[in-house]
Every structure is written in structure tokens, then in C-alpha cells.
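A.B. asks: One structure coming up, written as C-alpha cells, with questions to follow.
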Amino acid sequence: MSEPTKQEAPKPEENNTAAADVTKYKTAAEIVHNVLKKLVELTVEGAKIYDLCVEGDKLIEQGTGAVYNKPVKGVKVSKGIAFPTCVSVNNTVAHFSPLASDPSAQQTLAKGDVVKLHLGAHIDGFAAVSAETVVVGASPAEPVTGRKADVIQAAWTAAEAAMRLVKVGNKNWQVTDAVAKVAAAFDCKPVEGMLSCQQSQNVIDGKKRIILNPSEAQKREFETVTFAENEVWGIDILISSGEDGKARLEESRTTIYQKESTVTYQLKMKTSRAVFSEVQKKAGAFPFNIRSLEDEKRARLGLQEAVQHNLVKPYEVIFTPAGTYVAAFHFTIALLPGGPAMITPPPVWYKPELVKSEKQLEDAELKELLTKPLRESKKSKKKAKADGEEVKTEA
């Protein structure tokens with residue numbers, strides 16, 4: 001979520017395979033949705049964050065282990081975790097998934113905590129990643145109010161706007177601008193520099209990207225891209241109740257990493273080579289938690305050299321200032337020939353009766369956008385075409 005905004009070289013795996021492989025994406029999405037249902041139930045006062053992360057990963061492995069077990073042309077179908085389970089609370093932006101040995105493994109949830117659940121699964125390299133925000137102990141009788149409600153409602157409204165703007169022919173900056181406008185209506189800011197990426201087989205961080213709340217330097221450097229048919233996108237909406245949306249590193253150990261497929265380097269240390277080989281075997285192209293490797297201590301040591309030479313990239317844990325809240329929604333969407341289609345189902349927890357902000361969206365254009373269906377019906381497409389022909393005739 002908070003990886004650097006550098007533009008990467010095109011990856012060979014990035015071809016438009018969405019139409020043919022939508023079933024695999026959808027199967028992965030269903031598994032993710034079922035895991036989220038279980039985790040939302042477990043997100044209660046007194047629950048240990050570590051336990052939730054471990055349970056999430058275990059359930060993803062179980063879910064993916066139960067499907068696609070027939071070899072294809074004698075080759076086993078790869079499947080499993082596409083993004084390790086993260087449970088990031090209040091002003092923690094993302095990627096919080098402690099190891100048993102970390103002091104933060106003992107951290108428990110309290111009533112009123114704003115909790116981001118984030119995880120992903122893949123079937124044959126086709127990944128569905130989802131994130132949503134839950135408030136511990138909230139109910140229709142005792143809904144979320146104040147700044148917590150503002151930030152969650154802003155994030156969900158921004159996600160709904162983004163769903164309708166990620167469509168063939170539109171540009172990435174349209175999403176950036178709409179998310180900023182929605183956040184402003186709730187007196188919030190998108191978290192600076194957060195990225196949404198195009199996906200394809202074995203790739204969740206493709207070269208086409210959307211950036212939220214870019215700095216001036218990022219605005220100048222960031223590439224303008226146009227959404228195209230058959231693309232799949234992972235859209236990551238992160239909104240902060242803080243003044244500027246800036247986030248920073250604090251005392252929290254990174255536990256999630258990902259192999260960089262564009263970099264080659266011959267590791268010198270025997271430990272590094274052994275750990276890197278284990279990463280390739282267990283996680284392939286996808287992010288992994290050190291927890292999934294055989295020996296935590298050896299893994300930390302071995303990863304140091306790999307990170308130093310950019311063979312592996314860290315997903316750092318970042319924070320907005322104390323006293324602020326961050327809300328997140330992540331969805332996976334496919335731009336199919338028949339129109340956009342959501343791969344991941346709607347959030348498990350979020351309902352209007354649970355979140356009561358006193359602020360609301362006033363922008364007429366955005367309000368109209370939110371009333372539109374994700375894909376036009378054939379009737380309205382035909383009508384638009386007929387109207388267009390009429391205008392031509394009159395001209």
C-alpha cells in the first residue's frame with residue numbers, strides 16, 4: 001500500500017488476460033470475502049491483533065487449498081496468499097502484521113478502535129485483494145460518530161466514486177482528483193502517495209498506477225495512464241482525518257516483503273541465498289510475511305542483503321500523527337468488454353446505519369456520479385447511440 005512511487009520497467013507477465021481468467025479472480029475473491037466475514041466477527045474488544053493476522057492467513061490457505069486441485073497438463077495450479085493478513089488500527093495506515101516475537105504481538109483491540117483488515121488470495125496467480133474498515137463495538141444502536149465517522153464515510157464514498165471512474169478511456173488523474181474532492185467534503189485528506197496498481201497474472205503492482213494526494217514532486221514525475229479494456233485493477237482508498245494526509249515511519253518492524261521481479265543480483269551470503277530460495281518457493285511473485293518462513297531469525301538476517309540490493313522490497317508500517325484516524329477500502333475491478341465488473345464483493349461490515357457523519361458530499365457532479373450503475377445497461381447504451389446519431393443528423 002505504501003510502496004515507493006517509482007515507475008517500474010514493464011513486466012513480461014503483464015498481458016491482458018482478464019476476460020479468460022475472470023473465474024479464477026472471482027474464486028479468489030469469494031475466498032477473501034469468506035475470510036473477511038470470519039475476521040469481522042473476531043474483531044472484538046480484547047482480541048489480539050497477532051491472532052487475527054495468523055487466523056486470516058490460515059483461512060486463506062485453507063480456502064485456496066480446497067479448490068483447483070486437478071493438475072493442468074500435469075502441472076499443479078499455484079494458489080495461496082496474494083497479500084498477507086494485516087490488521088492496522090487507528091492512525092496505523094497499513095501493513096501491520098506482527099510476528100510472535102515482536103513486542104507489538106501482545107497488542108489487543110479496544111472498544112472504538114478503527115480497524116483496517118487487509119488481505120488477498122490468488123488462484124493460478126490471479127489475485128483478489130480486499131480491505132475494509134471496522135469499528136470495534138459499533139452497532140446501529142451505538143453508531144460511529146465524530147471524526148471516526150467522517151473518515152470512514154469519506155473513504156467509502158471515495159471508493160464508490162473510484163469504482164465508477166475506473167473505466168475504459170478515463171485517466172488515472174480523474175480518480176486522484178475525485179478522491180481528493182470527496183475527502184475534502186468530510187474535512188479529511190487522502191493519505192499522501194498511496195498507490196493503486198494494474199494487476200495481471202502474478203502481478204499485483206503493475207506499471208500502470210493511480211496515486212492519491214501526490215506531493216508536488218510526485219505530480220511532476222507520475223505518469224498519466226488511460227484505463228483500457230481487459231485490464232484488472234486493485235484500487236486502494238486510504239483516507240486520513242489529519243490535516244495533510246502525511247504519514248511517517250515509527251518504531252514498528254517491517255514483516256511483509258515482496259520479491260522484485262525486475263531486479264537480478266547474485267547474493268553473497270549463504271543465509272541470504274537460502275532465504276531467497278525459500279521465498280521464491282513459498283510466495284513466488286506475491287508479498288509474504290516473515291512469519292511464513294521456516295526460521296524467523298534466519299529470515300530477518302537473510303532478507304537484509306536482499307533488501308539492500310533491491311531483490312526484495314519491504315512493505316513498511318507507516319503512521320499518521322497520533323490522535324488521527326485512517327480508514328481504508330480496497331477492491332479489485334475488471335474492465336471487461338461488456339463493461340466494468342467488481343471482482344471483490346462489497347464490504348462485510350460497512351452499512352450506512354453503523355456510520356453517522358454530520359458532514360456530506362455537496363459536489364453536484366460527484367453526487368450524480370454516485371447515482372450511476374457501475375456498467376450501463378444495453379438499453380441506455382443504445383439510447384445514447386441513437387441520441388448521438390440524432391444530433392449528427394440535426395447538425
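All residue names refer to the C-alpha cells as shown: chains lettered A, B, ... in order, residues numbered from 1 in each chain, ligands numbered from 1 in order.
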Give me the residues within 12 Å of Ala138 (chain A) as a list in words, counting only C-alpha atoms and dropping any in the same chain fewer than 4 places off.
C.D. replies: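 Close residues of Ala138 (chain A): Val40, Thr43, Val44, Glu45, Ala110, Lys111, Gly112, Asp113, Val114, Val115, Thr133, Val134, Glu142, Pro143, Val144, Thr145, Lys148, Ala149, Trp349, Tyr350, Lys351, Glu353, Leu354, Val355 and Lys356 of chain A.
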A.B. asks: Restricting the output to C-alpha atoms, write the selected residues as a short mmCIF file (atom, residue, chain, number, x, y, z; two decimals), in the first residue's frame.
C.D. replies:
data_model
loop_
_atom_site.label_atom_id
_atom_site.label_comp_id
_atom_site.auth_asym_id
_atom_site.auth_seq_id
_atom_site.Cartn_x
_atom_site.Cartn_y
_atom_site.Cartn_z
CA VAL A 40 -15.05 -9.15 11.13
CA THR A 43 -12.74 -8.04 15.54
CA VAL A 44 -13.97 -7.52 19.10
CA GLU A 45 -12.77 -5.87 22.27
CA ALA A 110 -10.22 -1.76 22.40
CA LYS A 111 -13.79 -0.54 22.04
CA GLY A 112 -13.99 2.25 19.47
CA ASP A 113 -10.79 1.25 17.64
CA VAL A 114 -10.84 1.94 13.88
CA VAL A 115 -9.52 -1.32 12.43
CA THR A 133 -12.65 -0.76 7.93
CA VAL A 134 -14.43 -1.93 11.07
CA GLU A 142 -24.45 2.85 19.11
CA PRO A 143 -23.19 4.02 15.68
CA VAL A 144 -19.81 5.58 14.90
CA THR A 145 -19.88 9.40 15.09
CA LYS A 148 -14.16 8.41 13.04
CA ALA A 149 -17.46 8.57 11.15
CA TRP A 349 -19.11 -4.61 7.94
CA TYR A 350 -19.88 -1.18 6.47
CA LYS A 351 -23.54 -0.10 6.44
CA GLU A 353 -26.73 2.79 9.82
CA LEU A 354 -23.39 1.99 11.51
CA VAL A 355 -21.58 5.21 10.49
CA LYS A 356 -23.22 8.60 11.11
#
A.B. asks: Need the shell around region 55-60 of chain A: protein/DNA/RNA residues with any atom at most 10 Å away, counting only C-alpha atoms. Skip same-chain ones fewer than 5 positions apart. Format as a compact mmCIF listing (two decimals) with all heavy atoms, in the first residue's frame?
C.D. replies:
# COMPACT_ATOMS: atom_id res chain seq x y z
N ALA A 28 -10.95 -16.56 -6.17
CA ALA A 28 -10.06 -15.98 -5.15
C ALA A 28 -10.81 -14.94 -4.32
O ALA A 28 -10.67 -14.88 -3.09
CB ALA A 28 -8.84 -15.34 -5.81
N ILE A 31 -13.11 -16.48 -1.72
CA ILE A 31 -12.32 -16.97 -0.57
C ILE A 31 -11.98 -15.79 0.35
O ILE A 31 -12.16 -15.86 1.57
CB ILE A 31 -11.04 -17.69 -1.07
CG1 ILE A 31 -11.42 -19.01 -1.75
CG2 ILE A 31 -10.06 -17.93 0.09
CD1 ILE A 31 -10.34 -19.61 -2.63
N VAL A 32 -11.52 -14.69 -0.25
CA VAL A 32 -11.17 -13.49 0.54
C VAL A 32 -12.39 -12.98 1.31
O VAL A 32 -12.30 -12.62 2.49
CB VAL A 32 -10.61 -12.39 -0.41
CG1 VAL A 32 -10.54 -11.04 0.28
CG2 VAL A 32 -9.22 -12.78 -0.90
N HIS A 33 -13.53 -12.96 0.64
CA HIS A 33 -14.77 -12.47 1.27
C HIS A 33 -15.15 -13.34 2.47
O HIS A 33 -15.52 -12.81 3.54
CB HIS A 33 -15.89 -12.46 0.23
CG HIS A 33 -17.12 -11.74 0.68
ND1 HIS A 33 -17.12 -10.40 1.04
CD2 HIS A 33 -18.41 -12.16 0.85
CE1 HIS A 33 -18.33 -10.03 1.40
NE2 HIS A 33 -19.14 -11.07 1.30
N ASN A 34 -15.04 -14.65 2.32
CA ASN A 34 -15.37 -15.56 3.43
C ASN A 34 -14.41 -15.38 4.61
O ASN A 34 -14.81 -15.45 5.77
CB ASN A 34 -15.35 -17.01 2.95
CG ASN A 34 -16.54 -17.32 2.05
OD1 ASN A 34 -17.59 -16.67 2.16
ND2 ASN A 34 -16.40 -18.27 1.14
N VAL A 35 -13.13 -15.13 4.29
CA VAL A 35 -12.15 -14.88 5.36
C VAL A 35 -12.48 -13.57 6.08
O VAL A 35 -12.45 -13.50 7.32
CB VAL A 35 -10.70 -14.85 4.79
CG1 VAL A 35 -9.70 -14.47 5.89
CG2 VAL A 35 -10.33 -16.19 4.18
N LEU A 36 -12.82 -12.54 5.30
CA LEU A 36 -13.17 -11.25 5.91
C LEU A 36 -14.40 -11.37 6.82
O LEU A 36 -14.44 -10.78 7.89
CB LEU A 36 -13.41 -10.19 4.84
CG LEU A 36 -12.15 -9.51 4.30
CD1 LEU A 36 -12.46 -8.68 3.07
CD2 LEU A 36 -11.48 -8.62 5.36
N LYS A 38 -15.28 -13.89 8.59
CA LYS A 38 -14.83 -14.51 9.84
C LYS A 38 -14.02 -13.50 10.68
O LYS A 38 -14.22 -13.38 11.89
CB LYS A 38 -13.97 -15.74 9.50
CG LYS A 38 -13.52 -16.54 10.70
CD LYS A 38 -14.65 -17.25 11.41
CE LYS A 38 -14.17 -18.00 12.64
NZ LYS A 38 -15.26 -18.30 13.57
N LEU A 39 -13.15 -12.74 10.01
CA LEU A 39 -12.30 -11.78 10.74
C LEU A 39 -13.13 -10.64 11.34
O LEU A 39 -12.84 -10.17 12.44
CB LEU A 39 -11.21 -11.21 9.83
CG LEU A 39 -10.09 -12.18 9.43
CD1 LEU A 39 -9.05 -11.45 8.59
CD2 LEU A 39 -9.41 -12.81 10.65
N LEU A 42 -14.47 -11.71 14.48
CA LEU A 42 -13.44 -11.82 15.52
C LEU A 42 -12.87 -10.46 15.95
O LEU A 42 -12.10 -10.38 16.90
CB LEU A 42 -12.29 -12.70 15.01
CG LEU A 42 -12.63 -14.16 14.70
CD1 LEU A 42 -11.45 -14.85 14.03
CD2 LEU A 42 -13.02 -14.91 15.97
N ILE A 49 -4.28 -8.65 17.95
CA ILE A 49 -4.03 -8.39 16.53
C ILE A 49 -3.25 -9.55 15.90
O ILE A 49 -3.57 -10.00 14.79
CB ILE A 49 -3.26 -7.05 16.37
CG1 ILE A 49 -4.18 -5.89 16.72
CG2 ILE A 49 -2.69 -6.90 14.96
CD1 ILE A 49 -3.54 -4.52 16.74
N TYR A 50 -2.27 -10.04 16.63
CA TYR A 50 -1.45 -11.17 16.13
C TYR A 50 -2.34 -12.36 15.79
O TYR A 50 -2.20 -12.97 14.72
CB TYR A 50 -0.40 -11.54 17.19
CG TYR A 50 0.34 -12.82 16.87
CD1 TYR A 50 1.39 -12.83 15.95
CD2 TYR A 50 -0.02 -14.03 17.46
CE1 TYR A 50 2.07 -14.00 15.64
CE2 TYR A 50 0.64 -15.21 17.16
CZ TYR A 50 1.68 -15.19 16.25
OH TYR A 50 2.34 -16.36 15.94
N GLY A 65 -6.68 -24.00 -0.67
CA GLY A 65 -6.30 -25.42 -0.69
C GLY A 65 -7.44 -26.33 -1.11
O GLY A 65 -7.22 -27.48 -1.53
N LYS A 79 -1.49 -21.49 -5.98
CA LYS A 79 -2.56 -20.74 -5.29
C LYS A 79 -2.14 -20.49 -3.86
O LYS A 79 -1.23 -21.13 -3.35
CB LYS A 79 -3.90 -21.50 -5.35
CG LYS A 79 -3.84 -22.92 -4.83
CD LYS A 79 -4.86 -23.83 -5.50
CE LYS A 79 -4.57 -25.29 -5.20
NZ LYS A 79 -5.45 -25.93 -4.26
N GLY A 80 -2.81 -19.53 -3.22
CA GLY A 80 -2.47 -19.23 -1.83
C GLY A 80 -2.65 -17.76 -1.52
O GLY A 80 -3.51 -17.08 -2.07
N ILE A 81 -1.78 -17.27 -0.64
CA ILE A 81 -1.87 -15.88 -0.16
C ILE A 81 -1.33 -14.92 -1.22
O ILE A 81 -0.22 -15.09 -1.70
CB ILE A 81 -1.10 -15.73 1.17
CG1 ILE A 81 -1.78 -16.55 2.28
CG2 ILE A 81 -0.98 -14.27 1.58
CD1 ILE A 81 -0.97 -16.66 3.57
N ALA A 82 -2.14 -13.91 -1.56
CA ALA A 82 -1.68 -12.87 -2.50
C ALA A 82 -1.28 -11.61 -1.74
O ALA A 82 -0.53 -10.79 -2.25
CB ALA A 82 -2.77 -12.54 -3.51
N PHE A 83 -1.82 -11.46 -0.54
CA PHE A 83 -1.36 -10.40 0.38
C PHE A 83 -1.62 -10.89 1.79
O PHE A 83 -2.75 -11.26 2.12
CB PHE A 83 -2.08 -9.06 0.14
CG PHE A 83 -1.23 -7.90 0.59
CD1 PHE A 83 -0.44 -7.21 -0.31
CD2 PHE A 83 -1.16 -7.55 1.94
CE1 PHE A 83 0.39 -6.16 0.11
CE2 PHE A 83 -0.33 -6.52 2.37
CZ PHE A 83 0.45 -5.82 1.45
N PRO A 84 -0.56 -10.96 2.63
CA PRO A 84 -0.75 -11.47 4.00
C PRO A 84 -1.73 -10.61 4.79
O PRO A 84 -1.84 -9.41 4.56
CB PRO A 84 0.66 -11.38 4.61
CG PRO A 84 1.58 -11.24 3.45
CD PRO A 84 0.82 -10.53 2.38
N THR A 85 -2.44 -11.23 5.72
CA THR A 85 -3.44 -10.52 6.52
C THR A 85 -2.77 -9.44 7.37
O THR A 85 -1.83 -9.71 8.11
CB THR A 85 -4.18 -11.51 7.45
OG1 THR A 85 -4.71 -12.56 6.63
CG2 THR A 85 -5.31 -10.82 8.20
N CYS A 86 -3.30 -8.22 7.25
CA CYS A 86 -2.81 -7.08 8.05
C CYS A 86 -3.98 -6.53 8.85
O CYS A 86 -5.11 -6.46 8.35
CB CYS A 86 -2.27 -5.98 7.17
SG CYS A 86 -0.90 -6.52 6.14
N VAL A 87 -3.70 -6.13 10.08
CA VAL A 87 -4.72 -5.52 10.95
C VAL A 87 -4.12 -4.22 11.48
O VAL A 87 -3.29 -4.23 12.40
CB VAL A 87 -5.11 -6.49 12.10
CG1 VAL A 87 -6.14 -5.84 13.01
CG2 VAL A 87 -5.64 -7.81 11.53
N LEU A 117 -8.81 -4.13 8.01
CA LEU A 117 -8.48 -5.53 7.69
C LEU A 117 -8.12 -5.58 6.22
O LEU A 117 -8.87 -5.08 5.37
CB LEU A 117 -9.70 -6.42 7.95
CG LEU A 117 -10.29 -6.40 9.37
CD1 LEU A 117 -11.61 -7.16 9.42
CD2 LEU A 117 -9.30 -6.98 10.38
N HIS A 118 -6.98 -6.18 5.89
CA HIS A 118 -6.47 -6.14 4.51
C HIS A 118 -5.84 -7.49 4.19
O HIS A 118 -4.98 -7.96 4.92
CB HIS A 118 -5.42 -5.01 4.46
CG HIS A 118 -4.71 -4.87 3.15
ND1 HIS A 118 -3.47 -4.32 3.04
CD2 HIS A 118 -5.06 -5.22 1.88
CE1 HIS A 118 -3.08 -4.31 1.77
NE2 HIS A 118 -4.03 -4.86 1.06
N LEU A 119 -6.27 -8.13 3.11
CA LEU A 119 -5.73 -9.44 2.75
C LEU A 119 -6.04 -9.78 1.30
O LEU A 119 -6.87 -9.13 0.67
CB LEU A 119 -6.30 -10.53 3.68
CG LEU A 119 -7.83 -10.63 3.74
CD1 LEU A 119 -8.31 -11.88 3.03
CD2 LEU A 119 -8.29 -10.65 5.19
N GLY A 120 -5.35 -10.81 0.78
CA GLY A 120 -5.60 -11.21 -0.60
C GLY A 120 -5.30 -12.67 -0.83
O GLY A 120 -4.50 -13.28 -0.11
N ALA A 121 -5.96 -13.25 -1.84
CA ALA A 121 -5.74 -14.65 -2.22
C ALA A 121 -5.56 -14.70 -3.73
O ALA A 121 -6.02 -13.81 -4.45
CB ALA A 121 -6.93 -15.51 -1.81
N HIS A 122 -4.88 -15.75 -4.22
CA HIS A 122 -4.77 -15.91 -5.67
C HIS A 122 -4.97 -17.37 -6.07
O HIS A 122 -4.71 -18.30 -5.31
CB HIS A 122 -3.41 -15.41 -6.18
CG HIS A 122 -2.27 -16.36 -5.94
ND1 HIS A 122 -1.88 -17.30 -6.88
CD2 HIS A 122 -1.45 -16.53 -4.87
CE1 HIS A 122 -0.86 -18.00 -6.40
NE2 HIS A 122 -0.58 -17.55 -5.19
N ASN A 289 4.76 -12.71 4.52
CA ASN A 289 5.12 -12.31 5.88
C ASN A 289 6.27 -13.20 6.35
O ASN A 289 6.26 -14.41 6.07
CB ASN A 289 3.91 -12.49 6.81
CG ASN A 289 4.13 -11.83 8.17
OD1 ASN A 289 5.14 -12.06 8.84
ND2 ASN A 289 3.18 -11.03 8.61
N SER A 292 5.75 -16.68 7.63
CA SER A 292 5.53 -17.87 6.80
C SER A 292 6.82 -18.62 6.49
O SER A 292 6.80 -19.72 5.93
CB SER A 292 4.85 -17.47 5.48
OG SER A 292 5.76 -16.70 4.69
A.B. asks: Which residues in region 254-368 of chain A does DSSP call alpha helix (DSSP H)? List them as a VMD selection string.
C.D. replies: chain A and resid 270 to 282 296 to 308 364 to 368
A.B. asks: In Å, how far is it from CA of Ala161 (chain A) to CA of Ala341 (chain A)?
C.D. replies: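 Straight-line distance from CA of Ala161 (chain A) to CA of Ala341 (chain A) works out to 14.4 Å.
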A.B. asks: For region 253-263 of chain A, list every protein, DNA or RNA residue within 9 Å, evaluated using only C-alpha atoms, and leave out those in the same chain fewer than 4 positions away; present the list as a PyMOL selection string.
C.D. replies: chain A and resi 8-11+83-84+95-99+102+276+279-280+283-291+300+303+306-307+309-317
A.B. asks: Could you work out how far CA of Gln174 (chain A) lies from CA of Thr157 (chain A), giving the answer in Å with one decimal?
C.D. replies: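 Separation of CA of Thr157 (chain A) and CA of Gln174 (chain A): 15.1 Å.
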A.B. asks: For CA of Lys167 (chain A) and CA of Gln218 (chain A), determine how far apart the two atoms are, in Å to one decimal place.
C.D. replies: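 Taking CA of Lys167 (chain A) and CA of Gln218 (chain A), their separation equals 23.5 Å.
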A.B. asks: Give me the residues near Glu243 (chain A) as JSON, numbers by chain, where near means some atom within 10 Å (using only C-alpha atoms) and where sequence neighbours in that chain fewer than 2 positions away do not count.
C.D. replies: {"A": [187, 188, 189, 190, 240, 241, 245, 246, 320, 321, 324]}
A.B. asks: Given only C-alpha atoms as the basis, pick out the residue of A:Ser78, A:Asn170, A:Ser139, A:Gln106 nearest to Gln201 (chain A).
C.D. replies: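 Closest to Gln201 (chain A) of all the choices is A:Ser78.
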A.B. asks: Tell me, as a ChimeraX atom specification, which residues lie within 8 Å of Tyr68 (chain A), counting only C-alpha atoms; anything in the same chain fewer than 4 positions away does not count.
C.D. replies: /A:64,77,123
A.B. asks: Check the DSSP output for the backbone and give back, as a PyMOL selection string, the residues of region 260-313 of chain A in strand (DSSP E).
C.D. replies: chain A and resi 288-289+312-313
A.B. asks: For the selection just defined, write its residues with N, CA, C and O atoms to a file, as an mmCIF file, in the first residue's frame.
C.D. replies:
data_model
loop_
_atom_site.group_PDB
_atom_site.id
_atom_site.type_symbol
_atom_site.label_atom_id
_atom_site.label_comp_id
_atom_site.auth_asym_id
_atom_site.auth_seq_id
_atom_site.Cartn_x
_atom_site.Cartn_y
_atom_site.Cartn_z
ATOM 1 N N PHE A 288 4.856 -11.563 1.100
ATOM 2 C CA PHE A 288 4.848 -12.624 2.122
ATOM 3 C C PHE A 288 5.181 -12.020 3.476
ATOM 4 O O PHE A 288 5.809 -10.950 3.563
ATOM 5 N N ASN A 289 4.764 -12.708 4.523
ATOM 6 C CA ASN A 289 5.120 -12.310 5.884
ATOM 7 C C ASN A 289 6.268 -13.203 6.346
ATOM 8 O O ASN A 289 6.263 -14.415 6.069
ATOM 9 N N VAL A 312 14.377 -7.656 -2.968
ATOM 10 C CA VAL A 312 13.138 -7.786 -2.197
ATOM 11 C C VAL A 312 12.771 -6.390 -1.712
ATOM 12 O O VAL A 312 13.649 -5.625 -1.305
ATOM 13 N N LYS A 313 11.471 -6.039 -1.802
ATOM 14 C CA LYS A 313 11.075 -4.711 -1.315
ATOM 15 C C LYS A 313 10.242 -4.850 -0.044
ATOM 16 O O LYS A 313 9.423 -5.774 0.077
#
A.B. asks: From the list A:Ala100, A:Leu212, A:Leu238, A:Val203, which residue is nearest Gly125 (chain A) when using only C-alpha atoms?
C.D. replies: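 With only C-alpha atoms as the atom set, the closest residue is A:Val203.
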